[in-house]
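See structure below.
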Protein chains: 2
Amino acid sequence: MKSYGQFCSLARSLDVVGDRWTLLIVRELLIGPSRYSDLLRSLPGIASNLLADRLRMLAESGVVNSEDAPPPTSAKVYSLTERGRSLQPVLVALAHWGVPYMAAGKGGDNSRGRWLGFAILSLYPNEMNFGDTVVPLRLRIDSEGDHILVEAGPEGLTAVPCSRDVAADVTISGESDDVFGFLAGQAMDYSQIVVVGGDDARRKLREFTKYAHTYGAELGQLRP
Amino acid sequence: MKSYGQFCSLARSLDVVGDRWTLLIVRELLIGPSRYSDLLRSLPGIASNLLADRLRMLAESGVVNSEDAPPPTSAKVYSLTERGRSLQPVLVALAHWGVPYMAAGKGGDNSRGRWLGFAILSLYPNEMNFGDTVVPLRLRIDSEGDHILVEAGPEGLTAVPCSRDVAADVTISGESDDVFGFLAGQAMDYSQIVVVGGDDARRKLREFTKYAHTYGAELGQLRP
DNA sequence: CTGCATCCGCTTCGATACTG
DNA sequence: CAGTATCGAAGCGGATGCAG
């Protein structure tokens, strides 16, 4: 991208991460380190050469690392540097701003279970004080073949990919839009999702989502 | 911009504000309402038709308002809607991430005094508890013909354009890069800026900038 | 004057094909 | 698997034109 040529920290940030696809690549790497082909699959629609270009530029800017995986395989693994990880608050703020656009539903868009973890972080953008009645809470989300472990603790919220048989207090499974709608208080029909867990954990979950409902339903449906 | 086609709040945000120039237009309107020609001047390098396009799309998305100015003139005034103003945390987060890129100095980039107010907000991205020894502080910045009033109060920080003769506890004048460097603790040579104010106010200012120095100098100089 | 629209050369993007 | 190469389509940047 051509530089904006402005002595302004916003403009200079955009010089680095303002290109099309760039922040979505960072999102993927924030969810977890990935290989080239993983990124291609997680970013439907991106052109192969474009992904290569972006990764090269992000590496030059010190935002991503590319390391060769252990010798037997010839794979490369891309991950974020510390500088790249420090983009998380930016992505979370932007995603939080976009929550109302989710109320329109999935439509014809692609969806991935792995994006739900990130979406949950964006529902609680501030370091939130979850009450004692809520935390600790281990929540597993199973959607579109992905599995995400959300942990709400006294010091905050984390969401990482996990395997299908990780233990949790509650599990939620269903299509991405139904699960997101349930968590954000936007869905009309909760019959499409399955919530499994003990009474106590389910009560915690209800408390947990109360925060999100406040914001998620507040603005109603905006034009996508 | 073509939609990313992803059921993800980050992607949907980028569908709305991810285009080139869009966030810089929002920055300008966050500083204050502007007319079309003001925006053209504040965004050097933007093509005229592009600005018109972006404003139209932002209006359709409910991010900006365009109102006809009082009848004698035929001017239009663009401003942010509530939804647009709610982008401020996003811009501040992104600008905060870009602070280290400012250490390289102005170089051949354009600079505007009006951008400094926004830059200061980005130096203090969190709702910060300024001690009693610091606030209230009224700080006027005179740079490149613009005048900005920064007010640090118990509840936070504001920065708005003002006229040249607004009263303040301290005034700082100088070139944008020197002023920014002084505030962020990045400049080497403070002889290029002029600070006017009583001893007490200057002491408050030193306390005030101490916070910024911590972050501004921490990462040193990054590739721009 | 202000607020755009039109035109044009150039860059970037998107889709697919190809290679080590 | 991890990228390059290629090429038409779309978007950008700069200049200019024009109506209210």
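In the structure tokens, each chain is lettered A, B, ... as it comes, each chain's residues begin at 1, and ligands are numbered from 1 in order of appearance.
When the distance limit is 12 Å and only C-alpha atoms (C1' of nucleotides) are what count, the residues near DT2 in chain C, minus those fewer than 3 positions from it on the same chain, are Arg35, Tyr36, Ser37, Asp38, Leu40, Ala69, Thr73, Ser74, Ala75, Lys76 and Val77 of chain B; DC18, DA19 and DG20 of chain D.
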Could those selected residues go to a file with C-alpha atoms (C1' of nucleotides), as a short mmCIF file (atom, residue, chain, number, x, y, z; two decimals), in the first residue's frame?
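Listed below is the output, selection.cif:
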data_model
loop_
_atom_site.label_atom_id
_atom_site.label_comp_id
_atom_site.auth_asym_id
_atom_site.auth_seq_id
_atom_site.Cartn_x
_atom_site.Cartn_y
_atom_site.Cartn_z
CA ARG B 35 -16.83 20.77 5.18
CA TYR B 36 -15.86 18.95 2.04
CA SER B 37 -13.07 21.33 1.20
CA ASP B 38 -11.74 21.20 4.74
CA LEU B 40 -9.69 17.75 1.14
CA ALA B 69 -25.09 24.78 6.65
CA THR B 73 -23.91 29.85 2.29
CA SER B 74 -24.29 26.79 0.11
CA ALA B 75 -21.95 24.73 2.20
CA LYS B 76 -22.49 21.28 3.64
CA VAL B 77 -21.15 20.20 6.99
"C1'" DC D 18 -18.76 22.17 -14.42
"C1'" DA D 19 -23.05 23.25 -12.07
"C1'" DG D 20 -25.21 25.76 -8.14
#
Give the superposed chain B as a CSV table (one decimal) with C-alpha atoms, in the first residue's frame, the fit being least squares on chain A over all ordered C-alpha pairs.
chain,number,residue,atom,x,y,z
B,1,MET,CA,0.1,0.0,0.1
B,2,LYS,CA,1.2,3.4,-0.6
B,3,SER,CA,2.0,5.4,2.5
B,4,TYR,CA,-0.4,8.1,3.5
B,5,GLY,CA,2.5,10.3,4.1
B,6,GLN,CA,1.1,11.8,7.3
B,7,PHE,CA,2.9,12.5,10.6
B,8,CYS,CA,0.1,10.9,12.6
B,9,SER,CA,0.2,7.7,14.6
B,10,LEU,CA,-3.1,6.5,13.2
B,11,ALA,CA,-1.9,7.0,9.6
B,12,ARG,CA,1.4,5.3,10.3
B,13,SER,CA,-0.4,2.3,11.8
B,14,LEU,CA,-2.5,2.1,8.7
B,15,ASP,CA,0.6,2.2,6.6
B,16,VAL,CA,1.5,-1.1,8.3
B,17,VAL,CA,-1.8,-2.9,8.8
B,18,GLY,CA,-4.2,-0.9,6.7
B,19,ASP,CA,-4.1,-3.1,3.6
B,20,ARG,CA,-6.9,-5.3,2.6
B,21,TRP,CA,-6.8,-8.7,4.3
B,22,THR,CA,-4.0,-7.7,6.7
B,23,LEU,CA,-6.0,-7.4,9.9
B,24,LEU,CA,-7.9,-10.6,9.1
B,25,ILE,CA,-4.5,-12.4,8.8
B,26,VAL,CA,-3.6,-10.9,12.2
B,27,ARG,CA,-6.9,-12.2,13.5
B,28,GLU,CA,-6.1,-15.7,12.4
B,29,LEU,CA,-2.7,-15.6,14.0
B,30,LEU,CA,-4.1,-14.2,17.1
B,31,ILE,CA,-6.3,-17.3,17.3
B,32,GLY,CA,-3.2,-19.4,16.9
B,33,PRO,CA,-0.1,-20.0,14.9
B,34,SER,CA,-0.9,-21.3,11.4
B,35,ARG,CA,0.7,-22.6,8.3
B,36,TYR,CA,0.3,-21.0,4.9
B,37,SER,CA,-2.3,-23.5,3.8
B,38,ASP,CA,-4.2,-23.1,7.0
B,39,LEU,CA,-4.4,-19.4,6.4
B,40,LEU,CA,-5.6,-19.9,2.9
B,41,ARG,CA,-8.4,-22.1,4.2
B,42,SER,CA,-9.3,-19.7,7.0
B,43,LEU,CA,-9.4,-16.7,4.7
B,44,PRO,CA,-11.8,-17.8,1.9
B,45,GLY,CA,-11.5,-15.5,-1.1
B,46,ILE,CA,-7.9,-14.3,-0.5
B,47,ALA,CA,-5.6,-14.7,-3.5
B,48,SER,CA,-2.6,-16.9,-3.0
B,49,ASN,CA,-0.1,-14.4,-4.1
B,50,LEU,CA,-1.8,-11.7,-1.9
B,51,LEU,CA,-1.4,-13.9,1.2
B,52,ALA,CA,2.3,-14.4,0.4
B,53,ASP,CA,2.7,-10.6,-0.1
B,54,ARG,CA,1.0,-9.7,3.1
B,55,LEU,CA,2.9,-12.2,5.2
B,56,ARG,CA,6.2,-10.9,3.7
B,57,MET,CA,5.2,-7.3,4.6
B,58,LEU,CA,4.1,-8.2,8.0
B,59,ALA,CA,7.4,-10.1,8.6
B,60,GLU,CA,9.3,-7.1,7.4
B,61,SER,CA,7.3,-4.9,9.8
B,62,GLY,CA,8.1,-7.1,12.7
B,63,VAL,CA,4.5,-8.2,13.2
B,64,VAL,CA,4.8,-11.8,12.3
B,65,ASN,CA,7.4,-14.5,12.6
B,66,SER,CA,7.9,-17.3,10.1
B,67,GLU,CA,9.7,-20.4,11.4
B,68,ASP,CA,10.4,-23.6,9.8
B,69,ALA,CA,8.6,-26.4,11.4
B,70,PRO,CA,10.5,-29.5,12.8
B,71,PRO,CA,12.7,-31.1,10.0
B,72,PRO,CA,10.6,-34.1,9.0
B,73,THR,CA,8.1,-31.8,7.3
B,74,SER,CA,8.9,-28.9,5.0
B,75,ALA,CA,6.2,-26.7,6.5
B,76,LYS,CA,6.5,-23.2,7.8
B,77,VAL,CA,4.7,-21.9,10.8
B,78,TYR,CA,3.6,-18.3,11.0
B,79,SER,CA,3.0,-16.7,14.3
B,80,LEU,CA,2.7,-13.2,15.8
B,81,THR,CA,5.6,-11.4,17.4
B,82,GLU,CA,5.1,-9.6,20.6
B,83,ARG,CA,4.4,-6.5,18.6
B,84,GLY,CA,1.8,-8.4,16.6
B,85,ARG,CA,0.1,-9.7,19.7
B,86,SER,CA,-0.1,-6.1,20.9
B,87,LEU,CA,-2.6,-5.6,18.1
B,88,GLN,CA,-5.2,-7.6,20.0
B,89,PRO,CA,-6.8,-4.6,21.7
B,90,VAL,CA,-7.2,-3.0,18.3
B,91,LEU,CA,-8.9,-6.0,16.8
B,92,VAL,CA,-11.1,-6.5,19.8
B,93,ALA,CA,-12.2,-2.8,19.7
B,94,LEU,CA,-12.9,-3.0,16.0
B,95,ALA,CA,-14.8,-6.3,16.4
B,96,HIS,CA,-16.8,-4.9,19.3
B,97,TRP,CA,-17.8,-2.1,17.1
B,98,GLY,CA,-19.0,-4.6,14.5
B,99,VAL,CA,-21.1,-6.7,16.9
B,100,PRO,CA,-24.4,-5.0,15.8
B,101,TYR,CA,-23.7,-6.1,12.2
B,102,MET,CA,-23.9,-9.7,13.3
B,103,ALA,CA,-27.5,-9.4,14.2
B,104,ALA,CA,-28.4,-9.7,10.5
B,105,GLY,CA,-27.3,-13.3,10.7
B,106,LYS,CA,-25.0,-15.4,8.6
B,107,GLY,CA,-26.6,-14.8,5.2
B,108,GLY,CA,-24.4,-16.2,2.5
B,109,ASP,CA,-21.2,-15.5,4.4
B,110,ASN,CA,-18.6,-18.0,5.3
B,111,SER,CA,-18.5,-19.0,8.9
B,112,ARG,CA,-15.9,-20.8,11.1
B,113,GLY,CA,-16.2,-22.1,14.6
B,114,ARG,CA,-12.7,-20.7,15.3
B,115,TRP,CA,-14.0,-17.2,14.8
B,116,LEU,CA,-16.4,-17.5,17.7
B,117,GLY,CA,-13.7,-17.4,20.3
B,118,PHE,CA,-12.6,-14.1,19.0
B,119,ALA,CA,-16.2,-12.9,18.8
B,120,ILE,CA,-16.7,-13.6,22.4
B,121,LEU,CA,-13.7,-11.6,23.4
B,122,SER,CA,-15.2,-8.7,21.4
B,123,LEU,CA,-18.4,-9.0,23.4
B,124,TYR,CA,-16.5,-8.2,26.5
B,125,PRO,CA,-14.0,-5.6,25.3
B,126,ASN,CA,-13.1,-4.1,28.6
B,127,GLU,CA,-11.3,-5.9,31.4
B,128,MET,CA,-14.5,-6.9,33.0
B,129,ASN,CA,-15.1,-7.8,36.6
B,130,PHE,CA,-17.0,-11.1,36.4
B,131,GLY,CA,-18.7,-11.6,39.7
B,132,ASP,CA,-17.9,-14.5,42.0
B,133,THR,CA,-21.1,-16.1,40.8
B,134,VAL,CA,-19.8,-16.4,37.3
B,135,VAL,CA,-16.1,-17.2,37.4
B,136,PRO,CA,-14.3,-19.4,37.1
B,137,LEU,CA,-16.1,-20.7,34.0
B,138,ARG,CA,-14.8,-23.1,31.5
B,139,LEU,CA,-16.9,-23.1,28.3
B,140,ARG,CA,-16.3,-25.2,25.3
B,141,ILE,CA,-17.8,-24.2,22.0
B,142,ASP,CA,-18.2,-26.8,19.2
B,143,SER,CA,-19.2,-25.2,15.9
B,144,GLU,CA,-18.5,-26.0,12.3
B,145,GLY,CA,-16.0,-28.7,13.2
B,146,ASP,CA,-13.9,-26.3,15.3
B,147,HIS,CA,-13.6,-26.5,19.1
B,148,ILE,CA,-12.9,-23.4,21.2
B,149,LEU,CA,-12.2,-23.2,24.9
B,150,VAL,CA,-13.3,-20.1,26.6
B,151,GLU,CA,-12.0,-19.5,30.1
B,152,ALA,CA,-13.4,-16.6,32.2
B,153,GLY,CA,-11.3,-16.1,35.3
B,154,PRO,CA,-11.0,-13.4,37.8
B,155,GLU,CA,-8.3,-11.7,35.7
B,156,GLY,CA,-10.1,-11.9,32.4
B,157,LEU,CA,-11.2,-13.8,29.4
B,158,THR,CA,-9.2,-16.1,27.1
B,159,ALA,CA,-10.4,-18.1,24.1
B,160,VAL,CA,-8.2,-20.7,22.3
B,161,PRO,CA,-8.7,-23.6,19.9
B,162,CYS,CA,-8.8,-26.9,21.6
B,163,SER,CA,-9.6,-30.5,20.9
B,164,ARG,CA,-13.0,-32.0,20.9
B,165,ASP,CA,-12.6,-33.8,24.2
B,166,VAL,CA,-11.3,-31.0,26.4
B,167,ALA,CA,-13.2,-31.0,29.6
B,168,ALA,CA,-15.4,-28.0,30.4
B,169,ASP,CA,-18.2,-26.9,32.8
B,170,VAL,CA,-20.5,-26.2,29.9
B,171,THR,CA,-20.4,-27.0,26.2
B,172,ILE,CA,-22.4,-25.2,23.5
B,173,SER,CA,-22.8,-26.6,20.1
B,174,GLY,CA,-24.5,-25.4,17.0
B,175,GLU,CA,-24.2,-23.3,13.9
B,176,SER,CA,-22.0,-20.2,14.2
B,177,ASP,CA,-24.9,-17.8,13.9
B,178,ASP,CA,-27.1,-19.5,16.4
B,179,VAL,CA,-24.3,-19.8,18.9
B,180,PHE,CA,-23.3,-16.2,18.5
B,181,GLY,CA,-26.9,-15.1,18.7
B,182,PHE,CA,-27.3,-17.0,21.9
B,183,LEU,CA,-24.2,-15.5,23.5
B,184,ALA,CA,-25.0,-12.0,22.3
B,185,GLY,CA,-28.7,-12.2,23.0
B,186,GLN,CA,-29.6,-11.6,19.4
B,187,ALA,CA,-31.0,-14.9,18.2
B,188,MET,CA,-34.7,-15.4,18.1
B,189,ASP,CA,-34.7,-19.2,18.1
B,190,TYR,CA,-32.5,-21.0,20.6
B,191,SER,CA,-33.8,-24.4,19.6
B,192,GLN,CA,-31.0,-24.8,17.1
B,193,ILE,CA,-28.2,-25.0,19.7
B,194,VAL,CA,-27.4,-27.5,22.4
B,195,VAL,CA,-26.1,-26.6,25.8
B,196,VAL,CA,-24.7,-29.3,28.0
B,197,GLY,CA,-23.7,-28.8,31.6
B,198,GLY,CA,-24.8,-29.0,35.2
B,199,ASP,CA,-27.3,-26.7,36.7
B,200,ASP,CA,-24.7,-24.7,38.5
B,201,ALA,CA,-22.6,-24.2,35.4
B,202,ARG,CA,-25.6,-23.3,33.3
B,203,ARG,CA,-26.6,-20.7,35.8
B,204,LYS,CA,-23.1,-19.3,35.6
B,205,LEU,CA,-23.4,-19.2,31.9
B,206,ARG,CA,-26.6,-17.3,32.0
B,207,GLU,CA,-25.0,-14.7,34.3
B,208,PHE,CA,-22.0,-14.6,31.9
B,209,THR,CA,-24.1,-13.9,28.8
B,210,LYS,CA,-26.1,-11.2,30.6
B,211,TYR,CA,-23.3,-8.8,30.1
B,212,ALA,CA,-23.1,-9.6,26.4
B,213,HIS,CA,-26.9,-9.3,26.0
B,214,THR,CA,-26.8,-5.8,27.2
B,215,TYR,CA,-24.6,-4.7,24.4
B,216,GLY,CA,-25.4,-7.3,21.7
B,217,ALA,CA,-29.1,-6.6,21.7
B,218,GLU,CA,-28.9,-2.9,22.4
B,219,LEU,CA,-28.3,-1.6,19.0
B,220,GLY,CA,-30.6,-4.1,17.2
B,221,GLN,CA,-30.0,-4.9,13.6
B,222,LEU,CA,-27.9,-2.6,11.5
B,223,ARG,CA,-27.3,-2.7,7.8
B,224,PRO,CA,-24.5,-5.2,7.2
Contacts from chain D to chain B, 10 Å maximum, only C-alpha atoms (C1' of nucleotides): show me the residue list as a PyMOL selection string.
chain D and resi 10-14+20
Can you list every residue of chain C that has an atom at most 10 Å from chain B, with its nearest atom pair and the distance in Å to one decimal, using only C-alpha atoms (C1' of nucleotides), ordered by chain then number, as a Markdown table?
| residue | atom | partner | partner_atom | distance |
| --- | --- | --- | --- | --- |
| C:DC1 | C1' | B:Ser74 | CA | 9.8 |
| C:DT2 | C1' | B:Ala75 | CA | 6.5 |
| C:DG3 | C1' | B:Tyr36 | CA | 7.0 |
| C:DC4 | C1' | B:Ala52 | CA | 7.0 |
| C:DA5 | C1' | B:Asn49 | CA | 7.4 |
| C:DT6 | C1' | B:Asn49 | CA | 9.5 |
Can I get the selection written as a PDB file, in the first residue's frame, with N, CA and C atoms (P, O5', C5', C4', C3', O3' and C1' of nucleotides)?
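Okay, part-v7.pdb is ready:
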ATOM      1  P    DC C   1     -12.132  31.943  -5.717  1.00  0.00           P
ATOM      2  O5'  DC C   1     -12.422  31.914  -4.144  1.00  0.00           O
ATOM      3  C5'  DC C   1     -12.695  30.734  -3.426  1.00  0.00           C
ATOM      4  C4'  DC C   1     -14.198  30.535  -3.207  1.00  0.00           C
ATOM      5  C3'  DC C   1     -14.515  29.099  -2.825  1.00  0.00           C
ATOM      6  O3'  DC C   1     -14.447  28.953  -1.411  1.00  0.00           O
ATOM      7  C1'  DC C   1     -16.190  30.012  -4.332  1.00  0.00           C
ATOM      8  P    DT C   2     -14.098  27.497  -0.826  1.00  0.00           P
ATOM      9  O5'  DT C   2     -15.419  26.635  -1.011  1.00  0.00           O
ATOM     10  C5'  DT C   2     -16.620  27.007  -0.363  1.00  0.00           C
ATOM     11  C4'  DT C   2     -17.712  26.065  -0.829  1.00  0.00           C
ATOM     12  C3'  DT C   2     -17.387  24.586  -0.578  1.00  0.00           C
ATOM     13  O3'  DT C   2     -18.502  23.982   0.036  1.00  0.00           O
ATOM     14  C1'  DT C   2     -17.941  24.929  -2.865  1.00  0.00           C
ATOM     15  P    DG C   3     -18.459  22.451   0.559  1.00  0.00           P
ATOM     16  O5'  DG C   3     -18.985  21.590  -0.661  1.00  0.00           O
ATOM     17  C5'  DG C   3     -20.338  21.723  -1.067  1.00  0.00           C
ATOM     18  C4'  DG C   3     -20.593  20.811  -2.244  1.00  0.00           C
ATOM     19  C3'  DG C   3     -20.121  19.358  -2.034  1.00  0.00           C
ATOM     20  O3'  DG C   3     -21.097  18.489  -2.572  1.00  0.00           O
ATOM     21  C1'  DG C   3     -19.174  20.229  -3.977  1.00  0.00           C
ATOM     22  P    DC C   4     -21.081  16.928  -2.053  1.00  0.00           P
ATOM     23  O5'  DC C   4     -19.750  16.287  -2.637  1.00  0.00           O
ATOM     24  C5'  DC C   4     -19.813  15.294  -3.645  1.00  0.00           C
ATOM     25  C4'  DC C   4     -19.943  15.929  -5.017  1.00  0.00           C
ATOM     26  C3'  DC C   4     -19.690  14.963  -6.172  1.00  0.00           C
ATOM     27  O3'  DC C   4     -20.926  14.467  -6.644  1.00  0.00           O
ATOM     28  C1'  DC C   4     -18.748  17.135  -6.564  1.00  0.00           C
ATOM     29  P    DA C   5     -20.895  13.056  -7.410  1.00  0.00           P
ATOM     30  O5'  DA C   5     -20.418  13.377  -8.905  1.00  0.00           O
ATOM     31  C5'  DA C   5     -21.204  14.224  -9.730  1.00  0.00           C
ATOM     32  C4'  DA C   5     -20.668  14.195 -11.157  1.00  0.00           C
ATOM     33  C3'  DA C   5     -20.311  12.795 -11.687  1.00  0.00           C
ATOM     34  O3'  DA C   5     -20.636  12.727 -13.069  1.00  0.00           O
ATOM     35  C1'  DA C   5     -18.357  14.144 -11.610  1.00  0.00           C
ATOM     36  P    DT C   6     -20.483  11.352 -13.900  1.00  0.00           P
ATOM     37  O5'  DT C   6     -19.493  11.719 -15.113  1.00  0.00           O
ATOM     38  C5'  DT C   6     -18.973  13.027 -15.194  1.00  0.00           C
ATOM     39  C4'  DT C   6     -17.772  13.086 -16.130  1.00  0.00           C
ATOM     40  C3'  DT C   6     -17.313  11.775 -16.751  1.00  0.00           C
ATOM     41  O3'  DT C   6     -16.851  12.036 -18.059  1.00  0.00           O
ATOM     42  C1'  DT C   6     -15.542  12.676 -15.499  1.00  0.00           C
TER      43       DT C   6
END
Out of range 88-203 of chain A, which residues get helix (DSSP H, G or I) from DSSP, as number ranges by chain?
A: 88-104, 114-123, 176-184, 190-192, 199-203
Dump N, CA and C atoms for the selected residues as a tab-separated table (two decimals), in the first residue's frame?
chain	number	residue	atom	x	y	z
A	88	GLN	N	-3.91	-7.02	19.56
A	88	GLN	CA	-5.17	-7.60	20.03
A	88	GLN	C	-6.19	-6.56	20.49
A	89	PRO	N	-5.81	-5.58	21.31
A	89	PRO	CA	-6.82	-4.60	21.72
A	89	PRO	C	-7.43	-3.85	20.54
A	90	VAL	N	-6.65	-3.65	19.51
A	90	VAL	CA	-7.17	-2.97	18.32
A	90	VAL	C	-8.23	-3.83	17.66
A	91	LEU	N	-7.90	-5.08	17.43
A	91	LEU	CA	-8.85	-5.97	16.77
A	91	LEU	C	-10.11	-6.16	17.61
A	92	VAL	N	-9.91	-6.26	18.91
A	92	VAL	CA	-11.07	-6.45	19.79
A	92	VAL	C	-11.96	-5.20	19.75
A	93	ALA	N	-11.35	-4.03	19.75
A	93	ALA	CA	-12.15	-2.80	19.70
A	93	ALA	C	-12.93	-2.72	18.39
A	94	LEU	N	-12.27	-3.06	17.31
A	94	LEU	CA	-12.93	-2.99	16.02
A	94	LEU	C	-14.03	-4.04	15.92
A	95	ALA	N	-13.75	-5.23	16.42
A	95	ALA	CA	-14.76	-6.29	16.39
A	95	ALA	C	-15.94	-5.93	17.29
A	96	HIS	N	-15.66	-5.30	18.40
A	96	HIS	CA	-16.74	-4.88	19.29
A	96	HIS	C	-17.65	-3.89	18.58
A	97	TRP	N	-17.04	-3.00	17.82
A	97	TRP	CA	-17.83	-2.02	17.07
A	97	TRP	C	-18.72	-2.73	16.04
A	98	GLY	N	-18.27	-3.87	15.57
A	98	GLY	CA	-18.99	-4.57	14.52
A	98	GLY	C	-20.05	-5.53	15.02
A	99	VAL	N	-20.14	-5.71	16.32
A	99	VAL	CA	-21.10	-6.69	16.86
A	99	VAL	C	-22.53	-6.45	16.34
A	100	PRO	N	-23.00	-5.22	16.27
A	100	PRO	CA	-24.38	-5.02	15.79
A	100	PRO	C	-24.61	-5.53	14.37
A	101	TYR	N	-23.54	-5.54	13.57
A	101	TYR	CA	-23.70	-6.04	12.21
A	101	TYR	C	-23.90	-7.54	12.17
A	102	MET	N	-23.69	-8.21	13.29
A	102	MET	CA	-23.88	-9.66	13.31
A	102	MET	C	-25.35	-10.03	13.45
A	103	ALA	N	-26.15	-9.07	13.90
A	103	ALA	CA	-27.55	-9.38	14.17
A	103	ALA	C	-28.30	-9.74	12.89
A	104	ALA	N	-27.76	-9.33	11.75
A	104	ALA	CA	-28.43	-9.65	10.49
A	104	ALA	C	-28.32	-11.13	10.15
A	114	ARG	N	-13.88	-21.31	14.63
A	114	ARG	CA	-12.72	-20.70	15.29
A	114	ARG	C	-12.88	-19.19	15.47
A	115	TRP	N	-13.76	-18.58	14.64
A	115	TRP	CA	-13.97	-17.15	14.78
A	115	TRP	C	-14.82	-16.81	16.01
A	116	LEU	N	-15.49	-17.80	16.54
A	116	LEU	CA	-16.40	-17.51	17.66
A	116	LEU	C	-15.65	-17.11	18.93
A	117	GLY	N	-14.49	-17.71	19.13
A	117	GLY	CA	-13.71	-17.34	20.32
A	117	GLY	C	-13.36	-15.87	20.29
A	118	PHE	N	-12.91	-15.45	19.13
A	118	PHE	CA	-12.58	-14.04	18.97
A	118	PHE	C	-13.82	-13.16	19.16
A	119	ALA	N	-14.94	-13.64	18.64
A	119	ALA	CA	-16.17	-12.87	18.77
A	119	ALA	C	-16.57	-12.70	20.23
A	120	ILE	N	-16.33	-13.71	21.03
A	120	ILE	CA	-16.68	-13.62	22.45
A	120	ILE	C	-15.82	-12.59	23.15
A	121	LEU	N	-14.53	-12.58	22.84
A	121	LEU	CA	-13.67	-11.54	23.42
A	121	LEU	C	-14.22	-10.16	23.08
A	122	SER	N	-14.74	-10.03	21.86
A	122	SER	CA	-15.20	-8.70	21.44
A	122	SER	C	-16.53	-8.33	22.09
A	123	LEU	N	-17.21	-9.29	22.65
A	123	LEU	CA	-18.44	-8.97	23.38
A	123	LEU	C	-18.13	-8.39	24.76
A	176	SER	N	-22.71	-21.42	13.74
A	176	SER	CA	-22.06	-20.19	14.22
A	176	SER	C	-23.06	-19.09	14.53
A	177	ASP	N	-24.00	-18.86	13.64
A	177	ASP	CA	-24.89	-17.73	13.87
A	177	ASP	C	-25.82	-17.97	15.05
A	178	ASP	N	-26.24	-19.21	15.23
A	178	ASP	CA	-27.10	-19.50	16.37
A	178	ASP	C	-26.33	-19.37	17.68
A	179	VAL	N	-25.11	-19.89	17.69
A	179	VAL	CA	-24.31	-19.80	18.91
A	179	VAL	C	-24.00	-18.34	19.23
A	180	PHE	N	-23.59	-17.60	18.21
A	180	PHE	CA	-23.29	-16.19	18.47
A	180	PHE	C	-24.53	-15.45	18.95
A	181	GLY	N	-25.64	-15.70	18.29
A	181	GLY	CA	-26.88	-15.04	18.69
A	181	GLY	C	-27.26	-15.37	20.12
A	182	PHE	N	-27.05	-16.60	20.49
A	182	PHE	CA	-27.33	-17.01	21.87
A	182	PHE	C	-26.46	-16.26	22.86
A	183	LEU	N	-25.17	-16.15	22.54
A	183	LEU	CA	-24.25	-15.49	23.47
A	183	LEU	C	-24.47	-13.99	23.51
A	184	ALA	N	-24.84	-13.42	22.36
A	184	ALA	CA	-24.99	-11.97	22.30
A	184	ALA	C	-26.41	-11.52	22.57
A	190	TYR	N	-33.65	-20.28	19.94
A	190	TYR	CA	-32.55	-20.98	20.59
A	190	TYR	C	-32.65	-22.49	20.42
A	191	SER	N	-33.63	-22.94	19.64
A	191	SER	CA	-33.83	-24.38	19.55
A	191	SER	C	-32.76	-25.05	18.70
A	192	GLN	N	-31.98	-24.24	18.01
A	192	GLN	CA	-30.98	-24.81	17.11
A	192	GLN	C	-29.66	-25.11	17.79
A	199	ASP	N	-26.51	-27.90	36.30
A	199	ASP	CA	-27.36	-26.75	36.61
A	199	ASP	C	-26.55	-25.54	37.05
A	200	ASP	N	-25.55	-25.81	37.89
A	200	ASP	CA	-24.75	-24.71	38.42
A	200	ASP	C	-23.99	-24.00	37.30
A	201	ALA	N	-23.39	-24.79	36.43
A	201	ALA	CA	-22.63	-24.21	35.34
A	201	ALA	C	-23.55	-23.45	34.38
A	202	ARG	N	-24.73	-24.00	34.14
A	202	ARG	CA	-25.65	-23.32	33.23
A	202	ARG	C	-26.12	-22.00	33.82
A	203	ARG	N	-26.25	-21.99	35.12
A	203	ARG	CA	-26.65	-20.74	35.76
A	203	ARG	C	-25.52	-19.70	35.62
Return as JSON, numbers by chain the full set of residues in range 31-139 of chain A whose backbone-based DSSP assignment is strand (DSSP E or B).
{"A": [34, 64, 65, 66, 67, 68, 76, 77, 78, 79, 80, 110, 137, 138, 139]}
C1' of DA2 in chain D to C1' of DT11 in chain C, straight-line distance in Å:
26.0 Å
Which distance in Å separates C1' of DA5 in chain D and C1' of DG9 in chain C, to one decimal?
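Computed distance, C1' of DA5 in chain D to C1' of DG9 in chain C, equals 23.8 Å.
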